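Asks: Take a look at the following structure, please.
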Amino acid sequence: MLVAPPDTPQKLDPPVRLAVLASGSGSNFAAIAEAADQFGFELVGVVCNNPGAYVLERAHRRGVTSRVVDHREFEGRGPFDSAVVRELRNLGAEWVAMAGWMRIASPVLLDAFHDRLLNIHPSLLPSFRGLDAVGQALRAGVRITGCTVHIVRPAVDDGPIVAQAAVPVHDGDDEESLHKRIHAAEHTLYPAAVAHAVHSSRR
Ligand code: GRF
C-alpha cells in the first residue's frame with residue numbers, strides 16, 4: 001500500500017476533540033478509536049442517523065458516547081443537519097470525521113465545521129465519486145484504486161485532498177474482496193490523515 005502523505009504525524013498536543021459521523025458498520029470509527037492515544041484524539045462521541053447501525057454497538061463496547069439523530073424524523077437536510085450540529089456542539093467537537101456517513105452534508109453542517117469536516121471515500125478521488133465506488137472501479141477495469149480522505153465541500157465526494165492510499169485490484173476480485181482490501185487501507189489511512197489535517201491547521 002502506497003500512502004501519501006507518508007509521514008506519521010506526531011501526537012497532537014493538546015489533543016483534538018474529535019467526533020465521528022457514521023451510518024453503518026463503523027469499522028473506520030473503530031480504527032480511529034484504536035489510534036486515539038497514538039495520535040492525540042479525544043473521541044468525544046459518535047453521531048449516527050440509523051438506530052440499528054452496528055457502529056452504536058462498537059461505541060458502547062468502547063465506552064464512547066453515541067447519539068442517534070434519525071433523518072427520517074426531519075423534513076429535509078437543513079433541519080436534520082441542524083439537529084446533528086446541535087449534538088456535535090453538545091459533545092464539544094472541534095473536528096468531525098465522516099466515516100460511512102450516508103447523508104449529503106448541507107450548508108448548515110458545512111458552515112458549522114468549515115474546513116474541520118473530513119470524509120473518507122473508497123476510491124482515488126476524483127475518480128469514482130458517489131455510491132458504489134468499488135463497483136465503479138471494478139467495472140472500469142482499473143488495476144489500482146484506493147481510498148481518499150478529504151475536506152468536505154458542498155459537492156458529493158469533493159474537496160481538498162488530505163491523504164490517499166493506493167490499493168491494487170487483483171485478478172478475480174469481486175466487490176467484496178476488493179472492498180475488504182480497501183477497508184484495511186482506510187483503517188491505517190484515516191487516523192493518520194485526521195492527525196495530519198489537524199496539525200496542518202494548527203501551524
Ligand atoms: C468505507 O468504505 C468508507 O470509505 C465509505 O463507507 C465505508 C464505511 O465503512 N464512505 P465502515 O462503516 O467504516 O466500516
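Residues are named by chain letter and number: chains run A, B, ... in the order of the C-alpha cells, numbers start at 1 in each chain, and ligands are numbered from 1 in the order shown.
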Would you list the contacts of segment 51-65 of chain A as a list in words, taking every protein, DNA or RNA residue within 7 Å and counting only C-alpha atoms, but skipping same-chain residues closer than 6 positions in sequence?
Replies: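 Once the adjacent positions are removed, what remains is Ser23, Gly24, Ser25, Gly26, Val44 and Gly45 of chain A.
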Asks: Write the selection just made, keeping C-alpha atoms, as a PDB file, in the first residue's frame?
Replies:
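Output file result15.pdb is given in full below:
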```
ATOM      1  CA  SER A  23     -24.393   5.347   9.457  1.00  0.00           C
ATOM      2  CA  GLY A  24     -23.336   1.707   9.296  1.00  0.00           C
ATOM      3  CA  SER A  25     -20.784  -0.812  10.454  1.00  0.00           C
ATOM      4  CA  GLY A  26     -18.296   1.675  11.859  1.00  0.00           C
ATOM      5  CA  VAL A  44     -15.986  12.931  22.230  1.00  0.00           C
ATOM      6  CA  GLY A  45     -18.657  10.807  20.564  1.00  0.00           C
TER       7      GLY A  45
END
```
Asks: Mind checking which residues fall within 8 Å of segment 165-178 of chain A, counting only C-alpha atoms, ignoring those fewer than 5 positions away in the same chain, and posting them as a list in words?
Replies: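 So, after excluding close chain neighbours, the residues are Met1, Leu2, Val3, Ala4, Leu124, Val134, Gly135, Leu138, Val142, Arg143, Ile144, Thr145, Gly146, Cys147, Thr148, Ala185, Glu186 and Leu189 of chain A.
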Asks: Near Leu88 of chain A, counting only C-alpha atoms, which residues have an atom at most 12 Å away, once you skip same-chain residues fewer than 6 positions from it, shown as a list in words?
Replies: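 The residues that qualify are Arg17, Leu18, Ala19, Val20, Leu21, Leu43, Val44, Gly45, Val46, Val47, Cys48, Thr65, Ser66, Arg67, Val68, Val69, Asp81, Ser82, Glu94, Trp95, Val96, Ala97, Leu109, Ala112, Phe113 and Leu117 of chain A.
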Asks: Grab the residues selected above and save them as a short mmCIF file (atom, residue, chain, number, x, y, z; two decimals), in the first residue's frame with N, CA, C and O atoms.
Replies:
```cif
data_model
loop_
_atom_site.label_atom_id
_atom_site.label_comp_id
_atom_site.auth_asym_id
_atom_site.auth_seq_id
_atom_site.Cartn_x
_atom_site.Cartn_y
_atom_site.Cartn_z
N ARG A 17 -10.50 17.53 20.05
CA ARG A 17 -11.81 16.95 20.42
C ARG A 17 -12.52 16.55 19.13
O ARG A 17 -12.98 17.40 18.37
N LEU A 18 -12.56 15.24 18.90
CA LEU A 18 -13.00 14.70 17.61
C LEU A 18 -14.31 13.92 17.77
O LEU A 18 -14.45 13.12 18.70
N ALA A 19 -15.24 14.18 16.84
CA ALA A 19 -16.47 13.38 16.78
C ALA A 19 -16.52 12.66 15.44
O ALA A 19 -15.94 13.11 14.46
N VAL A 20 -17.22 11.53 15.43
CA VAL A 20 -17.38 10.74 14.20
C VAL A 20 -18.86 10.73 13.82
O VAL A 20 -19.73 10.61 14.69
N LEU A 21 -19.13 10.88 12.52
CA LEU A 21 -20.47 10.69 11.98
C LEU A 21 -20.49 9.38 11.22
O LEU A 21 -19.67 9.19 10.30
N LEU A 43 -11.83 11.35 21.72
CA LEU A 43 -13.00 10.96 20.95
C LEU A 43 -14.25 11.30 21.74
O LEU A 43 -14.62 10.58 22.69
N VAL A 44 -14.90 12.42 21.39
CA VAL A 44 -15.99 12.93 22.23
C VAL A 44 -17.31 12.23 21.96
O VAL A 44 -18.22 12.29 22.77
N GLY A 45 -17.43 11.55 20.81
CA GLY A 45 -18.66 10.81 20.56
C GLY A 45 -18.87 10.46 19.11
O GLY A 45 -18.14 10.90 18.23
N VAL A 46 -19.91 9.65 18.91
CA VAL A 46 -20.35 9.25 17.57
C VAL A 46 -21.78 9.73 17.40
O VAL A 46 -22.60 9.52 18.29
N VAL A 47 -22.08 10.35 16.27
CA VAL A 47 -23.46 10.66 15.93
C VAL A 47 -23.85 9.76 14.76
O VAL A 47 -23.09 9.65 13.78
N CYS A 48 -25.00 9.11 14.89
CA CYS A 48 -25.43 8.11 13.92
C CYS A 48 -26.87 8.42 13.50
O CYS A 48 -27.69 8.78 14.35
N THR A 65 -19.38 7.81 23.87
CA THR A 65 -20.75 8.35 23.83
C THR A 65 -21.31 8.27 22.42
O THR A 65 -20.60 8.57 21.46
N SER A 66 -22.57 7.87 22.30
CA SER A 66 -23.20 7.91 20.99
C SER A 66 -24.54 8.61 21.07
O SER A 66 -25.19 8.62 22.11
N ARG A 67 -24.90 9.23 19.96
CA ARG A 67 -26.18 9.93 19.84
C ARG A 67 -26.81 9.52 18.52
O ARG A 67 -26.12 9.46 17.51
N VAL A 68 -28.12 9.22 18.54
CA VAL A 68 -28.83 8.91 17.29
C VAL A 68 -29.66 10.12 16.89
O VAL A 68 -30.41 10.66 17.69
N VAL A 69 -29.46 10.56 15.65
CA VAL A 69 -30.33 11.58 15.06
C VAL A 69 -30.89 10.93 13.79
O VAL A 69 -30.17 10.79 12.79
N ASP A 81 -29.60 18.43 9.57
CA ASP A 81 -28.22 18.83 9.89
C ASP A 81 -28.16 19.78 11.09
O ASP A 81 -27.19 19.77 11.85
N SER A 82 -29.21 20.59 11.28
CA SER A 82 -29.24 21.46 12.47
C SER A 82 -29.22 20.61 13.74
O SER A 82 -28.52 20.93 14.71
N GLU A 94 -14.52 19.65 18.10
CA GLU A 94 -13.81 20.68 17.32
C GLU A 94 -13.70 20.26 15.86
O GLU A 94 -13.78 21.08 14.96
N TRP A 95 -13.40 19.00 15.65
CA TRP A 95 -13.29 18.41 14.31
C TRP A 95 -14.26 17.24 14.20
O TRP A 95 -14.58 16.60 15.22
N VAL A 96 -14.67 16.96 12.95
CA VAL A 96 -15.64 15.90 12.72
C VAL A 96 -15.16 15.03 11.56
O VAL A 96 -14.77 15.54 10.51
N ALA A 97 -15.19 13.72 11.78
CA ALA A 97 -14.80 12.76 10.74
C ALA A 97 -16.01 11.95 10.31
O ALA A 97 -16.60 11.23 11.12
N LEU A 109 -24.29 22.09 8.10
CA LEU A 109 -23.18 21.30 8.67
C LEU A 109 -21.84 21.82 8.14
O LEU A 109 -20.86 21.95 8.90
N ALA A 112 -20.92 25.05 9.93
CA ALA A 112 -20.64 24.89 11.36
C ALA A 112 -19.23 24.33 11.58
O ALA A 112 -18.59 24.64 12.59
N PHE A 113 -18.76 23.52 10.64
CA PHE A 113 -17.42 22.90 10.80
C PHE A 113 -16.58 23.16 9.55
O PHE A 113 -15.93 22.26 9.03
N LEU A 117 -14.30 19.42 8.74
CA LEU A 117 -15.18 18.28 8.47
C LEU A 117 -14.50 17.42 7.41
O LEU A 117 -14.25 17.87 6.29
#
```
Asks: Identify all residues of segment 35-193 of chain A in helix (DSSP H, G or I) (DSSP on the backbone) and supply them as a PyMOL selection string.
Replies: chain A and resi 36-39+54-62+71-73+77-91+107-112+133-140+175-193
Asks: For C-alpha atoms, I'd like the residues from the last selection saved as an mmCIF file, in the first residue's frame.
Replies:
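To be explicit, this is the file written out as again_37.cif:
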```
data_model
loop_
_atom_site.group_PDB
_atom_site.id
_atom_site.type_symbol
_atom_site.label_atom_id
_atom_site.label_comp_id
_atom_site.auth_asym_id
_atom_site.auth_seq_id
_atom_site.Cartn_x
_atom_site.Cartn_y
_atom_site.Cartn_z
ATOM 1 C CA ALA A 36 -6.772 7.820 19.586
ATOM 2 C CA ASP A 37 -3.919 7.554 22.080
ATOM 3 C CA GLN A 38 -1.265 7.334 19.400
ATOM 4 C CA PHE A 39 -2.417 10.487 17.597
ATOM 5 C CA TYR A 54 -23.586 -1.672 14.243
ATOM 6 C CA VAL A 55 -21.413 1.375 14.965
ATOM 7 C CA LEU A 56 -23.621 2.040 18.012
ATOM 8 C CA GLU A 57 -22.656 -1.312 19.485
ATOM 9 C CA ARG A 58 -18.994 -0.680 18.735
ATOM 10 C CA ALA A 59 -19.218 2.699 20.513
ATOM 11 C CA HIS A 60 -20.991 1.177 23.502
ATOM 12 C CA ARG A 61 -18.334 -1.537 23.857
ATOM 13 C CA ARG A 62 -15.584 1.066 23.838
ATOM 14 C CA HIS A 71 -33.003 11.542 9.457
ATOM 15 C CA ARG A 72 -36.480 10.066 8.926
ATOM 16 C CA GLU A 73 -37.793 12.301 11.690
ATOM 17 C CA ARG A 77 -31.484 18.154 5.028
ATOM 18 C CA GLY A 78 -31.338 21.560 6.713
ATOM 19 C CA PRO A 79 -33.414 20.672 9.805
ATOM 20 C CA PHE A 80 -31.680 17.271 10.047
ATOM 21 C CA ASP A 81 -28.220 18.828 9.892
ATOM 22 C CA SER A 82 -29.241 21.458 12.471
ATOM 23 C CA ALA A 83 -30.013 18.623 14.885
ATOM 24 C CA VAL A 84 -26.713 16.903 14.017
ATOM 25 C CA VAL A 85 -24.787 20.142 14.593
ATOM 26 C CA ARG A 86 -26.559 20.619 17.918
ATOM 27 C CA GLU A 87 -25.396 17.159 19.035
ATOM 28 C CA LEU A 88 -21.861 17.769 17.789
ATOM 29 C CA ARG A 89 -21.726 21.060 19.724
ATOM 30 C CA ASN A 90 -23.150 19.414 22.843
ATOM 31 C CA LEU A 91 -20.372 16.854 22.592
ATOM 32 C CA PRO A 107 -24.587 24.179 4.243
ATOM 33 C CA VAL A 108 -25.744 24.009 7.878
ATOM 34 C CA LEU A 109 -23.176 21.302 8.666
ATOM 35 C CA LEU A 110 -20.539 22.606 6.243
ATOM 36 C CA ASP A 111 -20.625 26.098 7.750
ATOM 37 C CA ALA A 112 -20.639 24.890 11.357
ATOM 38 C CA ALA A 133 -17.239 3.455 -5.787
ATOM 39 C CA VAL A 134 -15.752 -0.039 -5.506
ATOM 40 C CA GLY A 135 -18.120 -1.450 -8.136
ATOM 41 C CA GLN A 136 -17.440 1.542 -10.370
ATOM 42 C CA ALA A 137 -13.688 0.857 -10.163
ATOM 43 C CA LEU A 138 -14.170 -2.829 -10.984
ATOM 44 C CA ARG A 139 -16.408 -2.063 -13.944
ATOM 45 C CA ALA A 140 -13.915 0.500 -15.245
ATOM 46 C CA GLU A 175 -16.683 -6.088 -4.845
ATOM 47 C CA GLU A 176 -16.418 -7.864 -1.520
ATOM 48 C CA SER A 177 -12.768 -8.891 -1.829
ATOM 49 C CA LEU A 178 -11.707 -5.510 -3.206
ATOM 50 C CA HIS A 179 -13.660 -3.530 -0.614
ATOM 51 C CA LYS A 180 -12.072 -5.663 2.111
ATOM 52 C CA ARG A 181 -8.600 -4.670 0.889
ATOM 53 C CA ILE A 182 -9.644 -1.007 0.619
ATOM 54 C CA HIS A 183 -11.139 -1.112 4.111
ATOM 55 C CA ALA A 184 -7.818 -2.331 5.512
ATOM 56 C CA ALA A 185 -6.075 0.615 3.842
ATOM 57 C CA GLU A 186 -8.717 3.010 5.188
ATOM 58 C CA HIS A 187 -8.124 1.855 8.744
ATOM 59 C CA THR A 188 -4.469 2.857 8.515
ATOM 60 C CA LEU A 189 -5.015 5.985 6.462
ATOM 61 C CA TYR A 190 -7.924 7.676 8.207
ATOM 62 C CA PRO A 191 -6.478 8.186 11.705
ATOM 63 C CA ALA A 192 -3.149 9.411 10.288
ATOM 64 C CA ALA A 193 -4.969 11.733 7.867
#
```
Asks: Using DSSP on the backbone, list every residue of chain A that comes out as strand (DSSP E or B), and give them as JSON, numbers by chain.
Replies: {"A": [2, 3, 4, 16, 17, 18, 19, 20, 21, 22, 41, 42, 43, 44, 45, 46, 47, 48, 66, 67, 68, 95, 96, 97, 98, 117, 118, 119, 120, 121, 144, 145, 146, 147, 148, 149, 150, 151, 161, 162, 163, 164, 165, 166, 167, 168]}
Asks: Write a file of the selected residues as a compact mmCIF listing (two decimals), in the first residue's frame, keeping N, CA and C atoms.
Replies:
```txt
# COMPACT_ATOMS: atom_id res chain seq x y z
N LEU A 2 0.60 2.12 -0.91
CA LEU A 2 1.34 3.38 -1.00
C LEU A 2 0.47 4.47 -0.39
N VAL A 3 1.01 5.18 0.58
CA VAL A 3 0.22 6.18 1.28
C VAL A 3 0.85 7.55 1.13
N ALA A 4 0.06 8.54 0.81
CA ALA A 4 0.57 9.90 0.76
C ALA A 4 -0.40 10.82 1.51
N VAL A 16 -7.05 16.83 20.07
CA VAL A 16 -8.19 17.41 19.36
C VAL A 16 -9.46 16.71 19.84
N ARG A 17 -10.50 17.53 20.05
CA ARG A 17 -11.81 16.95 20.42
C ARG A 17 -12.52 16.55 19.13
N LEU A 18 -12.56 15.24 18.90
CA LEU A 18 -13.00 14.70 17.61
C LEU A 18 -14.31 13.92 17.77
N ALA A 19 -15.24 14.18 16.84
CA ALA A 19 -16.47 13.38 16.78
C ALA A 19 -16.52 12.66 15.44
N VAL A 20 -17.22 11.53 15.43
CA VAL A 20 -17.38 10.74 14.20
C VAL A 20 -18.86 10.73 13.82
N LEU A 21 -19.13 10.88 12.52
CA LEU A 21 -20.47 10.69 11.98
C LEU A 21 -20.49 9.38 11.22
N ALA A 22 -21.36 8.47 11.58
CA ALA A 22 -21.39 7.16 10.92
C ALA A 22 -22.83 6.68 10.78
N PHE A 41 -6.22 11.97 19.93
CA PHE A 41 -7.64 12.29 19.70
C PHE A 41 -8.38 12.11 21.02
N GLU A 42 -9.16 13.11 21.38
CA GLU A 42 -10.13 12.91 22.45
C GLU A 42 -11.45 12.62 21.74
N LEU A 43 -11.83 11.35 21.72
CA LEU A 43 -13.00 10.96 20.95
C LEU A 43 -14.25 11.30 21.74
N VAL A 44 -14.90 12.42 21.39
CA VAL A 44 -15.99 12.93 22.23
C VAL A 44 -17.31 12.23 21.96
N GLY A 45 -17.43 11.55 20.81
CA GLY A 45 -18.66 10.81 20.56
C GLY A 45 -18.87 10.46 19.11
N VAL A 46 -19.91 9.65 18.91
CA VAL A 46 -20.35 9.25 17.57
C VAL A 46 -21.78 9.73 17.40
N VAL A 47 -22.08 10.35 16.27
CA VAL A 47 -23.46 10.66 15.93
C VAL A 47 -23.85 9.76 14.76
N CYS A 48 -25.00 9.11 14.89
CA CYS A 48 -25.43 8.11 13.92
C CYS A 48 -26.87 8.42 13.50
N SER A 66 -22.57 7.87 22.30
CA SER A 66 -23.20 7.91 20.99
C SER A 66 -24.54 8.61 21.07
N ARG A 67 -24.90 9.23 19.96
CA ARG A 67 -26.18 9.93 19.84
C ARG A 67 -26.81 9.52 18.52
N VAL A 68 -28.12 9.22 18.54
CA VAL A 68 -28.83 8.91 17.29
C VAL A 68 -29.66 10.12 16.89
N TRP A 95 -13.40 19.00 15.65
CA TRP A 95 -13.29 18.41 14.31
C TRP A 95 -14.26 17.24 14.20
N VAL A 96 -14.67 16.96 12.95
CA VAL A 96 -15.64 15.90 12.72
C VAL A 96 -15.16 15.03 11.56
N ALA A 97 -15.19 13.72 11.78
CA ALA A 97 -14.80 12.76 10.74
C ALA A 97 -16.01 11.95 10.31
N MET A 98 -16.40 12.12 9.04
CA MET A 98 -17.47 11.28 8.49
C MET A 98 -16.87 9.93 8.14
N LEU A 117 -14.30 19.42 8.74
CA LEU A 117 -15.18 18.28 8.47
C LEU A 117 -14.50 17.42 7.41
N LEU A 118 -14.18 16.18 7.79
CA LEU A 118 -13.44 15.27 6.90
C LEU A 118 -14.33 14.11 6.47
N ASN A 119 -13.97 13.54 5.32
CA ASN A 119 -14.70 12.36 4.83
C ASN A 119 -13.69 11.36 4.29
N ILE A 120 -14.06 10.08 4.33
CA ILE A 120 -13.25 9.06 3.65
C ILE A 120 -14.11 8.40 2.58
N HIS A 121 -13.49 8.22 1.42
CA HIS A 121 -14.21 7.66 0.27
C HIS A 121 -13.39 6.51 -0.32
N ILE A 144 -5.41 -0.21 -10.27
CA ILE A 144 -5.10 0.38 -8.96
C ILE A 144 -6.26 1.29 -8.58
N THR A 145 -6.76 1.09 -7.36
CA THR A 145 -7.76 2.02 -6.82
C THR A 145 -7.28 2.38 -5.41
N GLY A 146 -8.18 2.68 -4.50
CA GLY A 146 -7.69 3.02 -3.17
C GLY A 146 -8.72 3.77 -2.36
N CYS A 147 -8.25 4.68 -1.53
CA CYS A 147 -9.15 5.47 -0.70
C CYS A 147 -8.58 6.87 -0.51
N THR A 148 -9.48 7.78 -0.22
CA THR A 148 -9.12 9.20 -0.13
C THR A 148 -9.75 9.81 1.10
N VAL A 149 -8.97 10.59 1.84
CA VAL A 149 -9.52 11.41 2.91
C VAL A 149 -9.47 12.86 2.41
N HIS A 150 -10.62 13.53 2.51
CA HIS A 150 -10.68 14.91 2.00
C HIS A 150 -11.51 15.78 2.93
N ILE A 151 -11.29 17.08 2.79
CA ILE A 151 -12.12 18.05 3.50
C ILE A 151 -13.43 18.17 2.72
N ILE A 161 -7.92 17.38 -0.99
CA ILE A 161 -7.48 16.04 -0.59
C ILE A 161 -6.43 16.16 0.51
N VAL A 162 -6.63 15.39 1.58
CA VAL A 162 -5.70 15.37 2.71
C VAL A 162 -4.70 14.23 2.54
N ALA A 163 -5.20 13.05 2.16
CA ALA A 163 -4.32 11.88 2.04
C ALA A 163 -5.00 10.81 1.19
N GLN A 164 -4.18 10.01 0.54
CA GLN A 164 -4.71 8.90 -0.27
C GLN A 164 -3.85 7.66 -0.06
N ALA A 165 -4.47 6.51 -0.21
CA ALA A 165 -3.72 5.24 -0.20
C ALA A 165 -4.11 4.47 -1.45
N ALA A 166 -3.10 3.93 -2.12
CA ALA A 166 -3.35 3.14 -3.33
C ALA A 166 -3.50 1.66 -2.97
N VAL A 167 -4.45 1.00 -3.62
CA VAL A 167 -4.74 -0.42 -3.37
C VAL A 167 -4.82 -1.13 -4.72
N PRO A 168 -4.08 -2.24 -4.90
CA PRO A 168 -4.14 -2.94 -6.19
C PRO A 168 -5.45 -3.72 -6.36
```
Asks: Which residue gives the smallest distance to Gln10 of chain A among A:Gly40, A:Pro160, A:Pro126, A:Gly76, with only C-alpha atoms counted?
Replies: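 Of A:Gly40, A:Pro160, A:Pro126, A:Gly76, the one nearest Gln10 of chain A is A:Gly40, counting only C-alpha atoms.
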Asks: Kindly give the distance, in Å, that separates atom CA of Ala99 of chain A and atom 2 (O, counted along the ligand's line) of ligand 1, rounded to a single decimal.
Replies: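 Taking atom CA of Ala99 of chain A and atom 2 (O, counted along the ligand's line) of ligand 1, their separation equals 7.9 Å.
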Asks: Residues near Arg129 of chain A, anyone? I mean within 8 Å using only C-alpha atoms, not counting same-chain ones fewer than 6 positions away, as a PDB file with N, CA and C atoms, in the first residue's frame.
Replies:
```pdb
ATOM      1  N   SER A 123     -12.228   5.332  -3.024  1.00  0.00           N
ATOM      2  CA  SER A 123     -11.620   5.392  -4.358  1.00  0.00           C
ATOM      3  C   SER A 123     -10.530   6.443  -4.315  1.00  0.00           C
ATOM      4  N   VAL A 156     -20.731  16.302  -3.724  1.00  0.00           N
ATOM      5  CA  VAL A 156     -20.507  14.981  -3.117  1.00  0.00           C
ATOM      6  C   VAL A 156     -19.101  14.472  -3.452  1.00  0.00           C
ATOM      7  N   ASP A 157     -18.398  14.008  -2.417  1.00  0.00           N
ATOM      8  CA  ASP A 157     -17.048  13.433  -2.565  1.00  0.00           C
ATOM      9  C   ASP A 157     -16.092  14.384  -3.278  1.00  0.00           C
TER      10      ASP A 157
END
```
